$ cat my_file00.txt   # compact mmCIF, C-alpha atoms
# COMPACT_ATOMS: atom_id res chain seq x y z
CA MET T 1 99.72 67.80 110.69
CA GLY T 2 98.54 64.42 111.90
CA THR T 3 96.37 65.69 114.78
CA ALA T 4 92.61 66.03 114.92
CA ASP T 5 90.20 67.95 117.14
CA ASP T 6 87.35 66.45 119.18
CA SER T 7 85.16 66.13 116.08
CA GLY T 8 87.81 64.27 114.14
CA ARG T 9 88.69 67.20 111.88
CA GLU T 10 92.32 68.11 111.25
CA ARG T 11 93.41 70.77 113.71
CA PRO T 12 94.55 74.02 112.12
CA ILE T 13 97.69 76.03 112.65
CA VAL T 14 96.61 79.00 114.78
CA ILE T 15 98.41 82.33 114.69
CA VAL T 16 97.66 84.74 117.53
CA GLY T 17 98.43 88.27 116.41
CA ALA T 18 97.06 89.52 113.07
CA SER T 19 100.16 91.64 112.59
CA LEU T 20 102.76 91.92 109.84
CA GLY T 21 104.47 88.90 111.36
CA GLY T 22 101.23 86.93 111.60
CA ALA T 23 100.25 87.68 108.01
CA LYS T 24 103.72 86.83 106.73
CA ALA T 25 103.63 83.53 108.63
CA ALA T 26 100.32 82.60 107.02
CA GLN T 27 101.78 83.46 103.62
CA ALA T 28 104.94 81.43 104.30
CA LEU T 29 102.89 78.40 105.33
CA ARG T 30 100.94 78.44 102.09
CA GLU T 31 104.05 79.05 100.01
CA ALA T 32 105.69 76.07 101.73
CA GLY T 33 102.83 73.87 100.57
CA HIS T 34 100.76 73.58 103.75
CA ARG T 35 97.20 72.75 102.72
CA GLY T 36 95.63 72.45 106.17
CA GLY T 37 93.66 75.04 108.06
CA ILE T 38 95.19 78.36 109.12
CA VAL T 39 93.44 80.63 111.59
CA LEU T 40 94.80 84.16 112.04
CA ILE T 41 93.43 85.99 115.10
CA GLY T 42 93.80 89.68 115.88
CA GLU T 43 92.37 92.14 118.41
CA GLU T 44 92.32 95.01 115.93
CA HIS T 45 89.51 95.45 113.43
CA GLU T 46 91.97 96.32 110.67
CA ARG T 47 93.44 93.53 108.58
CA PRO T 48 97.22 93.09 109.04
CA TYR T 49 99.28 96.15 108.16
CA GLU T 50 102.86 97.40 108.38
CA ARG T 51 103.76 99.74 111.23
CA PRO T 52 106.78 101.72 109.94
CA PRO T 53 104.58 104.00 107.78
CA LEU T 54 102.63 105.01 110.90
CA SER T 55 105.54 107.21 112.00
CA LYS T 56 106.82 107.94 108.50
CA GLY T 57 104.97 108.21 105.19
CA TYR T 58 101.44 107.58 106.45
CA LEU T 59 101.83 110.04 109.33
CA LEU T 60 103.11 112.63 106.87
CA GLY T 61 100.14 112.06 104.58
CA LYS T 62 102.42 110.83 101.78
CA THR T 63 101.51 107.13 101.93
CA PRO T 64 97.83 106.32 101.26
CA ARG T 65 96.11 104.05 103.76
CA GLU T 66 95.66 101.22 101.26
CA LYS T 67 99.45 100.97 100.88
CA ILE T 68 100.09 100.05 104.53
CA TYR T 69 98.28 96.69 104.39
CA VAL T 70 100.26 93.47 104.04
CA HIS T 71 97.79 91.87 101.63
CA PRO T 72 94.70 93.00 99.72
CA PRO T 73 91.42 92.14 101.46
CA GLN T 74 90.59 89.22 99.17
CA TRP T 75 93.96 87.53 99.68
CA TYR T 76 92.92 85.76 102.89
CA ALA T 77 89.85 84.09 101.39
CA GLU T 78 91.72 83.26 98.20
CA ASN T 79 94.35 81.45 100.28
CA ASP T 80 91.79 79.74 102.54
CA ILE T 81 92.98 81.57 105.64
CA THR T 82 90.41 82.21 108.35
CA LEU T 83 90.96 85.82 109.45
CA ARG T 84 89.27 86.64 112.76
CA LEU T 85 89.57 90.35 113.48
CA GLY T 86 88.31 92.20 116.53
CA THR T 87 88.87 89.00 118.47
CA ALA T 88 90.83 88.87 121.71
CA VAL T 89 92.49 85.71 122.99
CA SER T 90 92.09 85.27 126.74
CA ALA T 91 94.19 82.16 127.31
CA ILE T 92 96.23 79.43 125.69
CA ASP T 93 96.59 75.90 127.05
CA PRO T 94 99.71 74.20 125.67
CA ALA T 95 98.85 70.87 127.26
CA ALA T 96 95.38 70.74 125.70
CA HIS T 97 96.53 72.49 122.50
CA THR T 98 93.73 75.02 122.78
CA VAL T 99 93.24 78.76 122.43
CA THR T 100 90.41 80.34 124.40
CA LEU T 101 88.81 83.51 123.05
CA ALA T 102 87.45 86.39 125.11
CA ASP T 103 83.91 85.42 124.05
CA ASP T 104 84.53 81.96 125.56
CA GLY T 105 85.01 80.32 122.19
CA ARG T 106 87.73 77.70 121.93
CA ILE T 107 89.98 76.61 119.07
CA GLU T 108 92.08 73.47 119.12
CA TYR T 109 95.39 73.77 117.30
CA ALA T 110 98.04 71.51 115.83
CA LYS T 111 100.68 74.22 116.04
CA LEU T 112 100.47 77.69 117.58
CA LEU T 113 102.45 80.77 116.58
CA LEU T 114 102.48 83.85 118.82
CA THR T 115 103.05 87.12 116.96
CA THR T 116 101.50 89.32 119.63
CA GLY T 117 104.07 92.08 119.15
CA SER T 118 104.52 94.76 121.77
CA VAL T 119 102.70 97.54 123.57
CA PRO T 120 103.79 101.14 124.28
CA ARG T 121 105.13 101.84 127.74
CA ARG T 122 102.77 104.19 129.53
CA LEU T 123 103.93 107.42 131.11
CA PRO T 124 103.71 106.90 134.91
CA VAL T 125 102.95 110.46 136.04
CA PRO T 126 99.83 112.33 137.16
CA GLY T 127 97.73 113.68 134.30
CA ALA T 128 98.89 111.13 131.76
CA ASP T 129 95.32 109.89 131.19
CA GLN T 130 94.02 113.21 129.83
CA ASP T 131 92.78 113.92 126.33
CA GLY T 132 95.54 115.06 124.03
CA VAL T 133 98.08 112.58 125.42
CA LEU T 134 98.84 110.28 122.51
CA TYR T 135 100.84 107.11 121.90
CA LEU T 136 101.79 105.58 118.56
CA ARG T 137 101.33 101.88 117.94
CA ARG T 138 98.18 101.34 115.87
CA VAL T 139 96.88 102.96 112.71
CA GLU T 140 94.19 104.86 114.62
CA ASP T 141 96.96 106.30 116.82
CA SER T 142 98.69 107.61 113.71
CA ASP T 143 95.38 109.11 112.53
CA ARG T 144 94.95 110.96 115.85
CA ILE T 145 98.49 112.29 115.82
CA ARG T 146 98.26 113.43 112.20
CA ALA T 147 95.04 115.31 112.99
CA ALA T 148 96.85 117.11 115.81
CA LEU T 149 99.86 118.17 113.71
CA ARG T 150 98.63 121.60 112.62
CA PRO T 151 100.69 124.69 111.77
CA GLY T 152 101.49 126.51 115.00
CA ALA T 153 100.33 123.68 117.27
CA ARG T 154 102.48 123.25 120.37
CA VAL T 155 103.61 119.62 120.26
CA VAL T 156 105.62 118.11 123.10
CA VAL T 157 107.26 114.75 122.44
CA ILE T 158 108.38 112.79 125.51
CA GLY T 159 111.16 110.41 124.59
CA ALA T 160 113.88 110.83 121.96
CA GLY T 161 113.91 107.30 120.59
CA TRP T 162 113.04 106.35 117.02
CA ILE T 163 109.29 106.90 117.42
CA GLY T 164 109.80 110.18 119.26
CA LEU T 165 112.21 111.58 116.69
CA GLU T 166 110.18 110.43 113.69
CA THR T 167 106.99 111.99 115.06
CA ALA T 168 108.92 115.15 115.92
CA ALA T 169 110.14 115.35 112.33
CA ALA T 170 106.60 114.85 111.03
CA ALA T 171 105.30 117.54 113.37
CA ARG T 172 107.90 120.04 112.17
CA GLU T 173 107.11 119.24 108.54
CA ALA T 174 103.47 119.99 109.36
CA GLY T 175 104.49 123.39 110.74
CA ALA T 176 104.02 122.64 114.44
CA GLU T 177 106.19 124.01 117.21
CA VAL T 178 108.01 121.00 118.65
CA THR T 179 109.72 120.38 121.98
CA VAL T 180 111.37 117.01 122.65
CA LEU T 181 111.98 115.99 126.27
CA GLU T 182 114.52 113.25 126.96
CA ALA T 183 115.91 111.87 130.23
CA ALA T 184 119.28 110.95 128.72
CA GLU T 185 122.06 113.28 127.58
CA LEU T 186 121.38 112.74 123.87
CA PRO T 187 118.75 111.12 121.64
CA LEU T 188 119.16 107.41 120.95
CA LEU T 189 122.14 107.32 123.29
CA ARG T 190 121.71 103.69 124.37
CA VAL T 191 121.20 102.55 120.79
CA LEU T 192 123.85 104.53 118.91
CA GLY T 193 126.33 105.80 121.47
CA ARG T 194 127.45 109.38 121.91
CA GLU T 195 129.33 109.74 118.62
CA VAL T 196 126.35 109.06 116.36
CA ALA T 197 123.60 110.23 118.71
CA GLN T 198 124.98 113.75 118.32
CA VAL T 199 124.19 113.60 114.59
CA PHE T 200 120.49 113.23 115.36
CA ALA T 201 120.57 115.98 117.97
CA ASP T 202 122.13 118.34 115.45
CA LEU T 203 119.65 117.27 112.77
CA HIS T 204 116.59 118.12 114.83
CA ARG T 205 117.97 121.37 116.18
CA SER T 206 118.77 122.46 112.63
CA HIS T 207 115.08 121.96 111.81
CA GLY T 208 113.88 124.09 114.70
CA VAL T 209 113.12 121.46 117.32
CA ASP T 210 113.60 122.51 120.94
CA LEU T 211 115.57 119.57 122.33
CA ARG T 212 115.83 119.33 126.10
CA PHE T 213 117.99 116.62 127.63
CA GLU T 214 118.44 115.24 131.14
CA VAL T 215 114.96 116.36 132.11
CA ARG T 216 112.44 114.65 134.37
CA VAL T 217 108.72 114.79 133.65
CA GLU T 218 106.78 115.22 136.89
CA GLU T 219 103.21 115.81 135.73
CA LEU T 220 101.04 116.57 132.73
CA THR T 221 98.98 119.62 133.50
CA GLY T 222 95.53 120.13 132.07
CA ALA T 223 92.20 121.91 132.02
CA ASP T 224 88.78 120.26 131.79
CA GLY T 225 90.37 116.88 131.16
CA THR T 226 92.61 118.03 128.30
CA VAL T 227 96.39 118.32 128.51
CA THR T 228 97.81 121.84 128.51
CA GLY T 229 101.46 121.31 129.42
CA VAL T 230 104.27 119.25 130.88
CA ARG T 231 105.66 120.14 134.30
CA LEU T 232 109.33 119.27 134.70
CA GLY T 233 111.45 118.32 137.68
CA ASP T 234 112.99 121.79 137.83
CA GLY T 235 109.54 123.31 138.31
CA GLY T 236 109.22 124.70 134.81
CA THR T 237 106.28 123.92 132.53
CA VAL T 238 106.32 123.40 128.76
CA PRO T 239 102.98 124.47 127.20
CA ALA T 240 101.36 121.83 125.00
CA ASP T 241 98.34 121.43 122.77
CA VAL T 242 99.24 117.77 122.36
CA VAL T 243 101.73 115.44 124.07
CA ILE T 244 103.13 112.45 122.19
CA VAL T 245 104.67 109.79 124.43
CA GLY T 246 107.40 107.62 122.96
CA ILE T 247 109.26 106.06 125.88
CA GLY T 248 109.65 102.60 124.43
CA ILE T 249 107.66 99.43 124.03
CA ALA T 250 107.33 96.21 126.02
CA PRO T 251 106.82 92.75 124.51
CA ALA T 252 103.24 91.52 124.82
CA THR T 253 103.97 88.40 126.87
CA ALA T 254 100.92 88.21 129.16
CA LEU T 255 99.35 85.24 127.35
CA ALA T 256 102.64 83.37 127.25
CA GLU T 257 103.40 84.00 130.91
CA ALA T 258 99.93 82.86 132.00
CA ALA T 259 100.41 79.68 129.96
CA GLY T 260 103.72 78.92 131.67
CA LEU T 261 106.00 79.60 128.71
CA GLU T 262 109.54 80.70 129.49
CA THR T 263 109.83 84.47 129.17
CA ASP T 264 112.67 86.92 129.67
CA ASN T 265 112.45 90.26 127.83
CA GLY T 266 109.99 88.54 125.50
CA ILE T 267 109.06 84.93 124.83
CA LYS T 268 112.26 82.88 124.79
CA THR T 269 112.73 80.65 121.76
CA ASP T 270 115.46 78.59 120.19
CA GLU T 271 116.92 79.46 116.79
CA HIS T 272 113.96 77.75 115.10
CA LEU T 273 111.59 80.02 117.06
CA ARG T 274 110.26 77.16 119.18
CA THR T 275 109.20 78.17 122.69
CA SER T 276 109.52 76.10 125.85
CA ALA T 277 106.09 74.53 125.17
CA PRO T 278 105.67 71.78 122.56
CA ASP T 279 104.14 72.96 119.27
CA VAL T 280 104.19 76.63 120.34
CA TYR T 281 106.33 79.14 118.45
CA ALA T 282 106.91 82.89 118.61
CA ALA T 283 108.13 85.49 116.10
CA GLY T 284 108.55 89.24 115.68
CA ASP T 285 108.75 91.87 118.44
CA VAL T 286 107.64 89.43 121.12
CA ALA T 287 110.31 86.78 120.45
CA ASN T 288 113.58 86.75 122.39
CA ALA T 289 115.21 84.29 120.04
CA TYR T 290 118.54 82.50 120.22
CA HIS T 291 120.71 83.90 117.43
CA PRO T 292 123.44 81.55 116.15
CA LEU T 293 125.65 84.38 114.86
CA PHE T 294 125.75 86.15 118.22
CA ALA T 295 125.51 82.94 120.29
CA ARG T 296 122.91 84.47 122.60
CA HIS T 297 119.25 85.40 122.81
CA ILE T 298 118.32 88.76 121.31
CA ARG T 299 115.00 90.53 120.80
CA VAL T 300 114.75 92.95 117.89
CA GLU T 301 111.84 95.39 117.72
CA HIS T 302 112.07 96.20 114.04
CA TRP T 303 110.25 95.59 110.79
CA ALA T 304 112.80 93.20 109.26
CA ASN T 305 112.28 90.60 111.99
CA ALA T 306 108.50 90.71 111.52
CA VAL T 307 109.02 90.18 107.78
CA ASN T 308 111.62 87.43 107.92
CA GLN T 309 111.26 85.45 111.15
CA PRO T 310 107.86 84.01 110.14
CA GLN T 311 109.50 82.12 107.28
CA THR T 312 111.70 80.26 109.76
CA ALA T 313 108.74 79.66 112.08
CA ALA T 314 106.66 78.30 109.18
CA ARG T 315 109.38 75.84 108.18
CA ALA T 316 109.75 74.71 111.78
CA MET T 317 106.00 74.26 112.26
CA LEU T 318 105.92 72.08 109.15
CA GLY T 319 108.68 69.87 110.51
CA GLY T 320 111.77 71.35 108.89
CA ASP T 321 114.69 72.03 111.23
CA ASP T 322 117.20 72.57 108.45
CA ALA T 323 117.94 76.21 109.22
CA GLY T 324 117.49 78.53 112.17
CA TYR T 325 116.93 82.26 112.06
CA ASP T 326 120.35 83.89 111.70
CA ARG T 327 119.70 87.07 109.70
CA VAL T 328 121.72 90.09 110.75
CA PRO T 329 119.32 92.63 112.36
CA TYR T 330 118.35 95.56 110.14
CA PHE T 331 116.31 98.73 110.60
CA PHE T 332 115.88 102.10 108.95
CA THR T 333 114.57 105.59 109.56
CA ASP T 334 113.63 108.64 107.52
CA GLN T 335 113.68 112.06 109.19
CA TYR T 336 113.55 115.30 107.20
CA ASP T 337 116.22 114.92 104.48
CA LEU T 338 118.07 112.16 106.35
CA GLY T 339 117.64 108.54 105.37
CA MET T 340 119.45 105.84 107.32
CA GLU T 341 119.89 102.07 107.32
CA TYR T 342 121.48 100.15 110.19
CA VAL T 343 122.79 96.59 110.01
CA GLY T 344 124.10 94.63 112.98
CA TYR T 345 123.65 94.46 116.72
CA VAL T 346 125.46 96.28 119.52
CA ASP T 347 124.65 96.10 123.22
CA PRO T 348 124.57 99.51 124.95
CA GLY T 349 128.21 100.40 125.54
CA GLY T 350 129.32 97.12 123.99
CA TYR T 351 131.79 98.58 121.49
CA ASP T 352 135.33 99.96 121.63
CA ARG T 353 135.16 102.72 119.06
CA VAL T 354 133.13 104.19 116.18
CA PHE T 355 134.86 104.78 112.84
CA PHE T 356 133.38 107.06 110.20
CA ARG T 357 133.66 106.80 106.43
CA GLY T 358 132.81 110.35 105.44
CA ASP T 359 132.07 113.42 107.55
CA PRO T 360 129.13 113.16 109.99
CA ALA T 361 128.68 116.93 109.79
CA THR T 362 127.61 116.57 106.15
CA ARG T 363 125.02 113.90 107.03
CA GLU T 364 126.40 111.72 104.27
CA PHE T 365 128.55 109.01 105.83
CA ILE T 366 128.84 105.45 107.08
CA ALA T 367 129.49 104.72 110.76
CA PHE T 368 130.97 101.44 111.99
CA TRP T 369 130.89 100.15 115.57
CA LEU T 370 133.91 97.97 116.36
CA ALA T 371 134.95 95.74 119.24
CA ASP T 372 138.24 93.84 119.29
CA GLY T 373 138.80 94.93 115.69
CA ARG T 374 135.56 93.37 114.44
CA VAL T 375 132.60 95.21 112.93
CA LEU T 376 129.55 94.79 115.14
CA ALA T 377 127.28 97.10 113.15
CA GLY T 378 127.28 99.66 110.39
CA MET T 379 124.95 102.55 109.64
CA ASN T 380 124.76 104.27 106.27
CA VAL T 381 123.34 107.81 106.29
CA ASN T 382 122.29 109.20 102.89
CA VAL T 383 124.69 106.70 101.31
CA TRP T 384 122.94 103.92 99.42
CA ASP T 385 123.46 100.40 98.07
CA VAL T 386 125.97 99.47 100.76
CA THR T 387 123.89 97.37 103.16
CA ASP T 388 124.99 94.06 101.62
CA PRO T 389 128.75 94.63 102.09
CA ILE T 390 128.11 96.05 105.58
CA ARG T 391 126.06 92.97 106.43
CA GLU T 392 128.89 90.75 105.19
CA LEU T 393 131.42 92.60 107.35
CA VAL T 394 129.21 92.00 110.39
CA ARG T 395 128.56 88.37 109.54
CA SER T 396 132.19 87.54 108.79
CA ARG T 397 133.32 88.48 112.35
CA ARG T 398 136.80 89.04 110.91
CA VAL T 399 139.30 91.57 112.22
CA VAL T 400 139.52 94.58 109.91
CA ASP T 401 141.96 97.41 109.34
CA PRO T 402 140.22 100.54 110.68
CA ALA T 403 142.16 102.80 108.33
CA ARG T 404 140.88 100.91 105.28
CA LEU T 405 137.41 100.75 106.79
CA ALA T 406 137.31 104.54 107.06
CA ASP T 407 138.83 105.18 103.61
CA PRO T 408 136.15 105.94 100.98
CA ALA T 409 138.61 104.91 98.27
CA VAL T 410 138.62 101.31 99.52
CA PRO T 411 135.54 99.31 98.42
CA LEU T 412 133.78 97.85 101.45
CA GLY T 413 134.07 94.40 99.94
CA GLU T 414 137.87 94.73 100.05
CA VAL T 415 138.25 95.96 103.65
$ encode --input "my_file00.txt" --output "structure tokens"
Amino acid sequence: MGTADDSGRERPIVIVGASLGGAKAAQALREAGHRGGIVLIGEEHERPYERPPLSKGYLLGKTPREKIYVHPPQWYAENDITLRLGTAVSAIDPAAHTVTLADDGRIEYAKLLLTTGSVPRRLPVPGADQDGVLYLRRVEDSDRIRAALRPGARVVVIGAGWIGLETAAAAREAGAEVTVLEAAELPLLRVLGREVAQVFADLHRSHGVDLRFEVRVEELTGADGTVTGVRLGDGGTVPADVVIVGIGIAPATALAEAAGLETDNGIKTDEHLRTSAPDVYAAGDVANAYHPLFARHIRVEHWANAVNQPQTAARAMLGGDDAGYDRVPYFFTDQYDLGMEYVGYVDPGGYDRVFFRGDPATREFIAFWLADGRVLAGMNVNVWDVTDPIRELVRSRRVVDPARLADPAVPLGEV
């Protein structure tokens, strides 16, 4: 990279966050021909793994633990990547090009990539620190939740977002009694809008979940330090053997903020994932990146960004500015017998109308969110091999005929 540390050795590329994004960045650097040092630092003691299985296959006991890891254990040594696990970073100094570790160690870097991800939002009510109150972010969290999902167990899920609904589905499949508490009128209302949110409400009710909307959680009750229930704003209490909190995540920006990087709902970057500090980049959940297709900054909290953004960051760190990150956002979920893929990006309330291809009541359909006649996003439910034409509709930004869009007889490529 043309820079050396105090001893005259070539400074490495340092990646803070031994996550899916961090591991993929290390891989991309090697695949791009970088032969210099790479140091990958993570607080967890587990080597980098993928998080979607934690609320899906792994939580259900269908995906073995070995399958969640990004690379086999020997891959890091074979690719001359220094993997430092169980290591916290206490500070970064962009001016000095240094990373300070919690044990007071210091690493000088040529380039720095932040893939610090996000952290679960904590429930701000009395009793939330008791045993039996669980969050889902790390693999050990998934282990604790799975151990609690027993037949007949009273499971209360607070929050009807993706994590809340996926863990509710897993709990029902394990035979638990499940109550979901949500402050909004419907699950996923801000993400999907009323028309499609109702599909998920109907899905969970049909599988025996007690869904309660427009409720306020006042307190988690307990005995001897262990949670026993959830007291609501109307004075009622929902009994609980375990409470799973899924009220969203926040980007892990503390290091960046302390270092003076520009932050706003994440670490702000340009389309090449460069931050406001020279030689410092960000990718994955933590990055609020400028997106050329949407002509604005967006932060996407899903697996596809953690897989794909590091390739752009790697090219940029190695001096290539030929292409920015402009992939159309993508995510997926599996709940009971419903599988879904979503392509595109819609601000809450930022669409004119939803058009359906197929009947939502059958849970086999495609939904399209339109504004000014253009497709902003599409979601296929139990309909497969259509993500590419949906992605092209979103990317094209062209005005479409809604009647043809909704007609199953018209191929999506001809809409």
$ closest_atom_pairs --input "my_file00.txt" --of "stretch 276-323 of chain T" --to "stretch 259-269 of chain T" --cutoff "7 Å" --atoms "only C-alpha atoms" --output "CSV"
residue,atom,partner,partner_atom,distance
T:Ser276,CA,T:Leu261,CA,5.7
T:Ala277,CA,T:Leu261,CA,6.2
T:Ala282,CA,T:Ile267,CA,6.9
T:Val286,CA,T:Gly266,CA,5.0
T:Ala287,CA,T:Ile267,CA,4.9
T:Asn288,CA,T:Lys268,CA,4.7
T:Ala289,CA,T:Thr269,CA,4.7
T:Tyr290,CA,T:Thr269,CA,6.3
$ residues_around --input "my_file00.txt" --residues "T:Pro402" --least-positions-apart "3" --cutoff "8 Å" --atoms "only C-alpha atoms" --output "PDB file with C-alpha atoms, keeping the file's coordinate frame"
ATOM      1  CA  PHE T 355     134.860 104.780 112.840  1.00  0.00           C
ATOM      2  CA  GLY T 373     138.800  94.930 115.690  1.00  0.00           C
ATOM      3  CA  LEU T 405     137.410 100.750 106.790  1.00  0.00           C
ATOM      4  CA  ALA T 406     137.310 104.540 107.060  1.00  0.00           C
TER       5      ALA T 406
END
$ closest_residue --input "my_file00.txt" --among "T:Leu370, T:Pro310, T:Gly344, T:Arg154" --to "T:Ala28" --atoms "all atoms listed in the file"
T:Pro310
$ closest_residue --input "my_file00.txt" --among "T:Pro389, T:Pro126, T:Pro187, T:Gly349" --to "T:Ala371" --atoms "all atoms listed in the file"
T:Gly349
$ atom_distance --input "my_file00.txt" --atom1 "atom CA of T:Asp141" --atom2 "atom CA of T:Gln198"
29.0 Å
$ closest_residue --input "my_file00.txt" --among "T:Gln27, T:Ser118, T:Pro124, T:Asp347" --to "T:Arg190" --atoms "only C-alpha atoms"
T:Asp347
$ residues_around --input "my_file00.txt" --residues "T:Val399" --least-positions-apart "6" --cutoff "9 Å" --atoms "only C-alpha atoms" --output "list in words"
Asp372, Gly373, Arg374 and Val375 of chain T
$ atom_distance --input "my_file00.txt" --atom1 "atom CA of T:Arg137" --atom2 "atom CA of T:Ala153"
21.8 Å
$ closest_residue --input "my_file00.txt" --among "T:Leu211, T:Leu54, T:Val242, T:Leu113" --to "T:Val16" --atoms "only C-alpha atoms"
T:Leu113
$ build_atoms --input "my_file00.txt" --residues "stretch 118-125 of chain T" --atoms "all heavy atoms" --output "PDB file, in the frame of the given file"
ATOM      1  N   SER T 118     104.155  94.009 120.573  1.00  0.00           N
ATOM      2  CA  SER T 118     104.520  94.760 121.770  1.00  0.00           C
ATOM      3  C   SER T 118     103.515  95.866 122.012  1.00  0.00           C
ATOM      4  O   SER T 118     102.665  96.157 121.164  1.00  0.00           O
ATOM      5  CB  SER T 118     105.933  95.346 121.609  1.00  0.00           C
ATOM      6  OG  SER T 118     106.030  96.062 120.396  1.00  0.00           O
ATOM      7  N   VAL T 119     103.622  96.472 123.184  1.00  0.00           N
ATOM      8  CA  VAL T 119     102.700  97.540 123.570  1.00  0.00           C
ATOM      9  C   VAL T 119     103.521  98.739 124.049  1.00  0.00           C
ATOM     10  O   VAL T 119     104.597  98.573 124.633  1.00  0.00           O
ATOM     11  CB  VAL T 119     101.724  97.089 124.671  1.00  0.00           C
ATOM     12  CG1 VAL T 119     100.792  96.019 124.141  1.00  0.00           C
ATOM     13  CG2 VAL T 119     102.488  96.585 125.891  1.00  0.00           C
ATOM     14  N   PRO T 120     103.038  99.970 123.819  1.00  0.00           N
ATOM     15  CA  PRO T 120     103.790 101.140 124.280  1.00  0.00           C
ATOM     16  C   PRO T 120     103.862 101.196 125.796  1.00  0.00           C
ATOM     17  O   PRO T 120     102.895 100.882 126.493  1.00  0.00           O
ATOM     18  CB  PRO T 120     102.969 102.318 123.719  1.00  0.00           C
ATOM     19  CG  PRO T 120     102.114 101.750 122.651  1.00  0.00           C
ATOM     20  CD  PRO T 120     101.833 100.336 123.068  1.00  0.00           C
ATOM     21  N   ARG T 121     104.999 101.605 126.303  1.00  0.00           N
ATOM     22  CA  ARG T 121     105.130 101.840 127.740  1.00  0.00           C
ATOM     23  C   ARG T 121     104.363 103.117 128.084  1.00  0.00           C
ATOM     24  O   ARG T 121     104.480 104.131 127.406  1.00  0.00           O
ATOM     25  CB  ARG T 121     106.609 101.968 128.122  1.00  0.00           C
ATOM     26  CG  ARG T 121     107.406 100.702 127.853  1.00  0.00           C
ATOM     27  CD  ARG T 121     108.828 100.837 128.370  1.00  0.00           C
ATOM     28  NE  ARG T 121     109.644  99.689 127.997  1.00  0.00           N
ATOM     29  CZ  ARG T 121     109.677  98.530 128.645  1.00  0.00           C
ATOM     30  NH1 ARG T 121     108.937  98.374 129.739  1.00  0.00           N
ATOM     31  NH2 ARG T 121     110.442  97.531 128.234  1.00  0.00           N
ATOM     32  N   ARG T 122     103.589 103.056 129.135  1.00  0.00           N
ATOM     33  CA  ARG T 122     102.770 104.190 129.530  1.00  0.00           C
ATOM     34  C   ARG T 122     103.570 105.152 130.411  1.00  0.00           C
ATOM     35  O   ARG T 122     104.464 104.744 131.151  1.00  0.00           O
ATOM     36  CB  ARG T 122     101.521 103.722 130.290  1.00  0.00           C
ATOM     37  CG  ARG T 122     100.767 102.576 129.657  1.00  0.00           C
ATOM     38  CD  ARG T 122     100.340 102.851 128.237  1.00  0.00           C
ATOM     39  NE  ARG T 122      99.213 103.769 128.160  1.00  0.00           N
ATOM     40  CZ  ARG T 122      98.546 104.028 127.029  1.00  0.00           C
ATOM     41  NH1 ARG T 122      98.912 103.451 125.887  1.00  0.00           N
ATOM     42  NH2 ARG T 122      97.540 104.887 127.034  1.00  0.00           N
ATOM     43  N   LEU T 123     103.242 106.401 130.322  1.00  0.00           N
ATOM     44  CA  LEU T 123     103.930 107.420 131.110  1.00  0.00           C
ATOM     45  C   LEU T 123     103.379 107.396 132.534  1.00  0.00           C
ATOM     46  O   LEU T 123     102.192 107.683 132.753  1.00  0.00           O
ATOM     47  CB  LEU T 123     103.712 108.790 130.469  1.00  0.00           C
ATOM     48  CG  LEU T 123     104.499 109.952 131.081  1.00  0.00           C
ATOM     49  CD1 LEU T 123     105.992 109.755 130.854  1.00  0.00           C
ATOM     50  CD2 LEU T 123     104.032 111.271 130.474  1.00  0.00           C
ATOM     51  N   PRO T 124     104.220 107.094 133.548  1.00  0.00           N
ATOM     52  CA  PRO T 124     103.710 106.900 134.910  1.00  0.00           C
ATOM     53  C   PRO T 124     103.725 108.178 135.750  1.00  0.00           C
ATOM     54  O   PRO T 124     104.363 108.246 136.803  1.00  0.00           O
ATOM     55  CB  PRO T 124     104.685 105.861 135.478  1.00  0.00           C
ATOM     56  CG  PRO T 124     105.995 106.214 134.826  1.00  0.00           C
ATOM     57  CD  PRO T 124     105.646 106.724 133.442  1.00  0.00           C
ATOM     58  N   VAL T 125     103.002 109.206 135.285  1.00  0.00           N
ATOM     59  CA  VAL T 125     102.950 110.460 136.040  1.00  0.00           C
ATOM     60  C   VAL T 125     101.508 110.936 136.109  1.00  0.00           C
ATOM     61  O   VAL T 125     100.667 110.553 135.284  1.00  0.00           O
ATOM     62  CB  VAL T 125     103.830 111.556 135.377  1.00  0.00           C
ATOM     63  CG1 VAL T 125     105.279 111.105 135.280  1.00  0.00           C
ATOM     64  CG2 VAL T 125     103.283 111.955 134.011  1.00  0.00           C
TER      65      VAL T 125
END
